[in-house]
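data-v9.txt, holding compact mmCIF, C-alpha atoms:
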# COMPACT_ATOMS: atom_id res chain seq x y z
CA GLN O 1 131.00 2.25 86.15
CA VAL O 2 130.20 4.23 89.28
CA GLN O 3 126.67 5.56 89.57
CA LEU O 4 125.20 7.55 92.44
CA MET O 5 121.49 8.31 92.47
CA GLU O 6 119.92 10.66 95.01
CA SER O 7 116.26 10.50 96.04
CA GLY O 8 113.99 11.86 98.74
CA GLU O 9 111.47 14.55 99.57
CA THR O 10 112.40 17.93 98.17
CA SER O 11 110.18 20.54 99.78
CA VAL O 12 109.41 21.33 103.41
CA GLN O 13 108.46 24.21 105.66
CA THR O 14 110.84 25.86 108.10
CA GLY O 15 111.39 23.65 111.13
CA GLY O 16 110.43 20.51 109.26
CA SER O 17 112.41 17.38 108.36
CA LEU O 18 113.53 15.62 105.21
CA ARG O 19 115.40 12.44 104.46
CA LEU O 20 117.68 12.08 101.46
CA SER O 21 119.03 8.80 100.12
CA CYS O 22 121.79 8.00 97.67
CA ARG O 23 122.08 4.56 96.16
CA ALA O 24 125.46 3.58 94.76
CA THR O 25 126.32 1.00 92.12
CA GLY O 26 129.64 0.02 90.62
CA ILE O 27 131.70 0.49 93.80
CA THR O 28 132.71 -1.53 96.85
CA PHE O 29 130.45 0.68 98.91
CA SER O 30 131.64 -0.36 102.38
CA THR O 31 135.23 0.69 101.69
CA TYR O 32 134.51 4.17 100.29
CA SER O 33 134.55 7.62 101.82
CA LEU O 34 131.08 9.13 101.30
CA GLY O 35 129.79 12.64 101.54
CA TRP O 36 126.85 14.96 101.16
CA PHE O 37 127.40 18.39 99.61
CA ARG O 38 125.13 21.27 98.77
CA GLN O 39 125.20 24.26 96.48
CA PRO O 40 122.92 27.17 97.37
CA PRO O 41 121.82 29.44 94.51
CA GLY O 42 124.70 31.63 93.37
CA LYS O 43 127.18 30.08 95.79
CA GLU O 44 129.99 27.52 95.79
CA ARG O 45 129.47 23.86 96.56
CA GLU O 46 130.07 23.13 100.26
CA GLY O 47 130.58 20.00 102.31
CA VAL O 48 127.64 19.17 104.59
CA ALA O 49 128.54 15.81 106.11
CA SER O 50 130.82 12.88 105.50
CA ILE O 51 131.22 9.31 106.68
CA GLU O 52 134.22 7.13 106.08
CA ALA O 53 134.55 3.38 105.76
CA ASP O 54 135.22 3.04 109.48
CA GLY O 55 132.09 5.06 110.32
CA VAL O 56 133.83 8.29 111.37
CA ARG O 57 131.55 11.23 110.66
CA ARG O 58 132.16 14.94 110.08
CA TYR O 59 129.67 17.81 109.77
CA MET O 60 129.85 21.41 108.74
CA ASP O 61 129.30 23.66 111.74
CA SER O 62 125.94 25.07 110.65
CA VAL O 63 124.27 21.63 110.49
CA LYS O 64 125.72 20.02 113.62
CA GLY O 65 122.93 18.75 115.83
CA ARG O 66 120.37 19.08 113.00
CA PHE O 67 121.61 16.75 110.26
CA THR O 68 122.64 13.10 110.58
CA ILE O 69 124.60 11.14 108.01
CA SER O 70 124.39 7.35 107.95
CA LYS O 71 124.92 4.47 105.58
CA ASP O 72 123.62 0.97 104.99
CA ASN O 73 126.42 -1.13 103.53
CA ALA O 74 124.08 -4.04 102.79
CA LYS O 75 121.93 -1.80 100.59
CA ASN O 76 124.76 0.34 99.16
CA THR O 77 122.84 3.37 100.36
CA LEU O 78 123.94 6.63 101.94
CA MET O 79 121.38 8.68 103.88
CA LEU O 80 121.09 12.20 105.22
CA GLN O 81 118.43 13.04 107.81
CA LEU O 82 117.73 16.78 107.85
CA ASP O 83 115.87 18.11 110.90
CA SER O 84 114.99 21.61 112.14
CA LEU O 85 115.38 22.90 108.63
CA LYS O 86 116.00 26.57 107.97
CA SER O 87 115.53 28.64 104.82
CA GLU O 88 119.32 28.84 104.46
CA ASP O 89 119.40 25.05 103.98
CA THR O 90 117.75 25.55 100.59
CA ALA O 91 120.19 24.21 97.98
CA MET O 92 120.92 21.50 95.48
CA TYR O 93 122.17 18.50 97.46
CA TYR O 94 124.68 16.04 96.02
CA CYS O 95 126.11 12.77 97.26
CA ALA O 96 129.71 11.87 96.52
CA ALA O 97 132.01 8.88 96.84
CA ASP O 98 135.74 8.25 96.72
CA PRO O 99 137.91 5.18 97.37
CA ARG O 100 140.50 7.13 99.38
CA TYR O 101 140.57 7.00 103.18
CA TYR O 102 141.11 10.34 104.89
CA GLY O 103 141.42 9.23 108.49
CA GLY O 104 138.53 11.40 109.65
CA SER O 105 140.20 14.58 108.51
CA TRP O 106 138.46 17.79 107.46
CA GLN O 107 139.38 16.89 103.88
CA THR O 108 136.26 14.73 103.76
CA LEU O 109 134.24 17.95 103.50
CA LEU O 110 136.11 19.20 100.43
CA PRO O 111 134.58 18.62 96.97
CA THR O 112 138.07 17.89 95.59
CA SER O 113 138.29 14.82 97.83
CA TYR O 114 135.66 12.96 95.77
CA ASN O 115 135.80 11.61 92.25
CA SER O 116 132.22 10.37 91.82
CA TRP O 117 129.06 12.46 92.11
CA GLY O 118 125.32 12.07 91.91
CA GLN O 119 123.19 14.30 89.72
CA GLY O 120 121.81 16.25 92.69
CA THR O 121 118.40 16.79 94.22
CA GLN O 122 116.85 20.15 95.04
CA VAL O 123 115.86 20.83 98.64
CA THR O 124 113.63 23.85 99.24
CA VAL O 125 112.78 25.11 102.72
CA SER O 126 110.02 27.69 102.80
CA SER O 127 108.45 29.70 105.59

Written as structure tokens, how would this file's structure read?
Amino acid sequence: QVQLMESGETSVQTGGSLRLSCRATGITFSTYSLGWFRQPPGKEREGVASIEADGVRRYMDSVKGRFTISKDNAKNTLMLQLDSLKSEDTAMYYCAADPRYYGGSWQTLLPTSYNSWGQGTQVTVSS
């Protein structure tokens, strides 16, 4: 049974940094496509960053240069470092996993590309 559990700080001021983690159980972590998504209040879920089994990363345009996705295969843990945070980064953040390989394509930023999800963690950026 696949389980994804997010954790990390949840509140920060504008310009600050946060680090989110997602620990996975029940999967062969190193072979999976992994992603971070977010859902701002009243909006659709959107892809923030992804990393595939071969380490290829993708980012949504608005977080490039500010967010960094990484993973630790030995610890079955996916991370997201969020720097230079803005109020518009406020959202519920979710990690996701899927056994399919997408060859680095933009599909890794689509919610429909993942079949396992964490419960989400709220990130609030205030001025």

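The interatomic distance for the pair CA of Thr10 (chain O) and CA of Asn73 (chain O) works out to 24.3 Å.
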
Edge lengths and centre in Å, axis-aligned, region 98-117 of chain O plus 4 Å each side, as AutoDock Vina command-line options:
--center_x 135.2 --center_y 12.2 --center_z 100.7 --size_x 20.4 --size_y 22.0 --size_z 25.8

Which neighbours of region 113-115 of chain O fall inside 8 Å, counting only C-alpha atoms, when residues of the same chain fewer than 4 positions from it are skipped, and could you give them as a compact mmCIF listing (two decimals) with C-alpha atoms, in the frame of the given file?
# COMPACT_ATOMS: atom_id res chain seq x y z
CA ALA O 96 129.71 11.87 96.52
CA ALA O 97 132.01 8.88 96.84
CA ASP O 98 135.74 8.25 96.72
CA GLN O 107 139.38 16.89 103.88
CA THR O 108 136.26 14.73 103.76
CA LEU O 109 134.24 17.95 103.50

Residues near region 37-50 of chain O, cut-off 8 Å, only C-alpha atoms, skip fewer than 3 positions along chain, as a ChimeraX atom specification: /O:33-34,57-60,63,68-69,89-96,108-111

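One distance worth recording is that between CA of Leu78 (chain O) and CA of Val125 (chain O), which is 21.6 Å.
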
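Near Tyr32 (chain O), within a cut-off of 9 Å and counting all atoms listed in the file, sit the residues Ile27, Ile51, Glu52, Ala53, Ala97, Asp98, Pro99, Arg100 and Tyr101 of chain O, with same-chain residues fewer than 5 positions away left out.
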
Please produce an output containing C-alpha atoms for each residue in the selection, written as a CSV table (one decimal), in the frame of the given file.
chain,number,residue,atom,x,y,z
O,27,ILE,CA,131.7,0.5,93.8
O,51,ILE,CA,131.2,9.3,106.7
O,52,GLU,CA,134.2,7.1,106.1
O,53,ALA,CA,134.6,3.4,105.8
O,97,ALA,CA,132.0,8.9,96.8
O,98,ASP,CA,135.7,8.2,96.7
O,99,PRO,CA,137.9,5.2,97.4
O,100,ARG,CA,140.5,7.1,99.4
O,101,TYR,CA,140.6,7.0,103.2

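Computed from the coordinates, the CA of Thr28 (chain O) to CA of Ser116 (chain O) distance equals 12.9 Å.
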
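The shortest atom-to-atom distance to Gly8 (chain O), with only C-alpha atoms taken into account, belongs to O:Gln81 out of O:Gln81, O:Ser127, O:Ser87, O:Asn76.
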
Expected answer as an NGL selection string: all residues with atoms within 6 Å of (118.3, 18.4, 107.2), only C-alpha atoms: :O and (18 or 67 or 81-83 or 85)

Include C-alpha atoms and write out the residues we just selected as a CSV table (one decimal), in the coordinates of the input.
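So out_37.csv came out as:
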chain,number,residue,atom,x,y,z
O,18,LEU,CA,113.5,15.6,105.2
O,67,PHE,CA,121.6,16.8,110.3
O,81,GLN,CA,118.4,13.0,107.8
O,82,LEU,CA,117.7,16.8,107.8
O,83,ASP,CA,115.9,18.1,110.9
O,85,LEU,CA,115.4,22.9,108.6
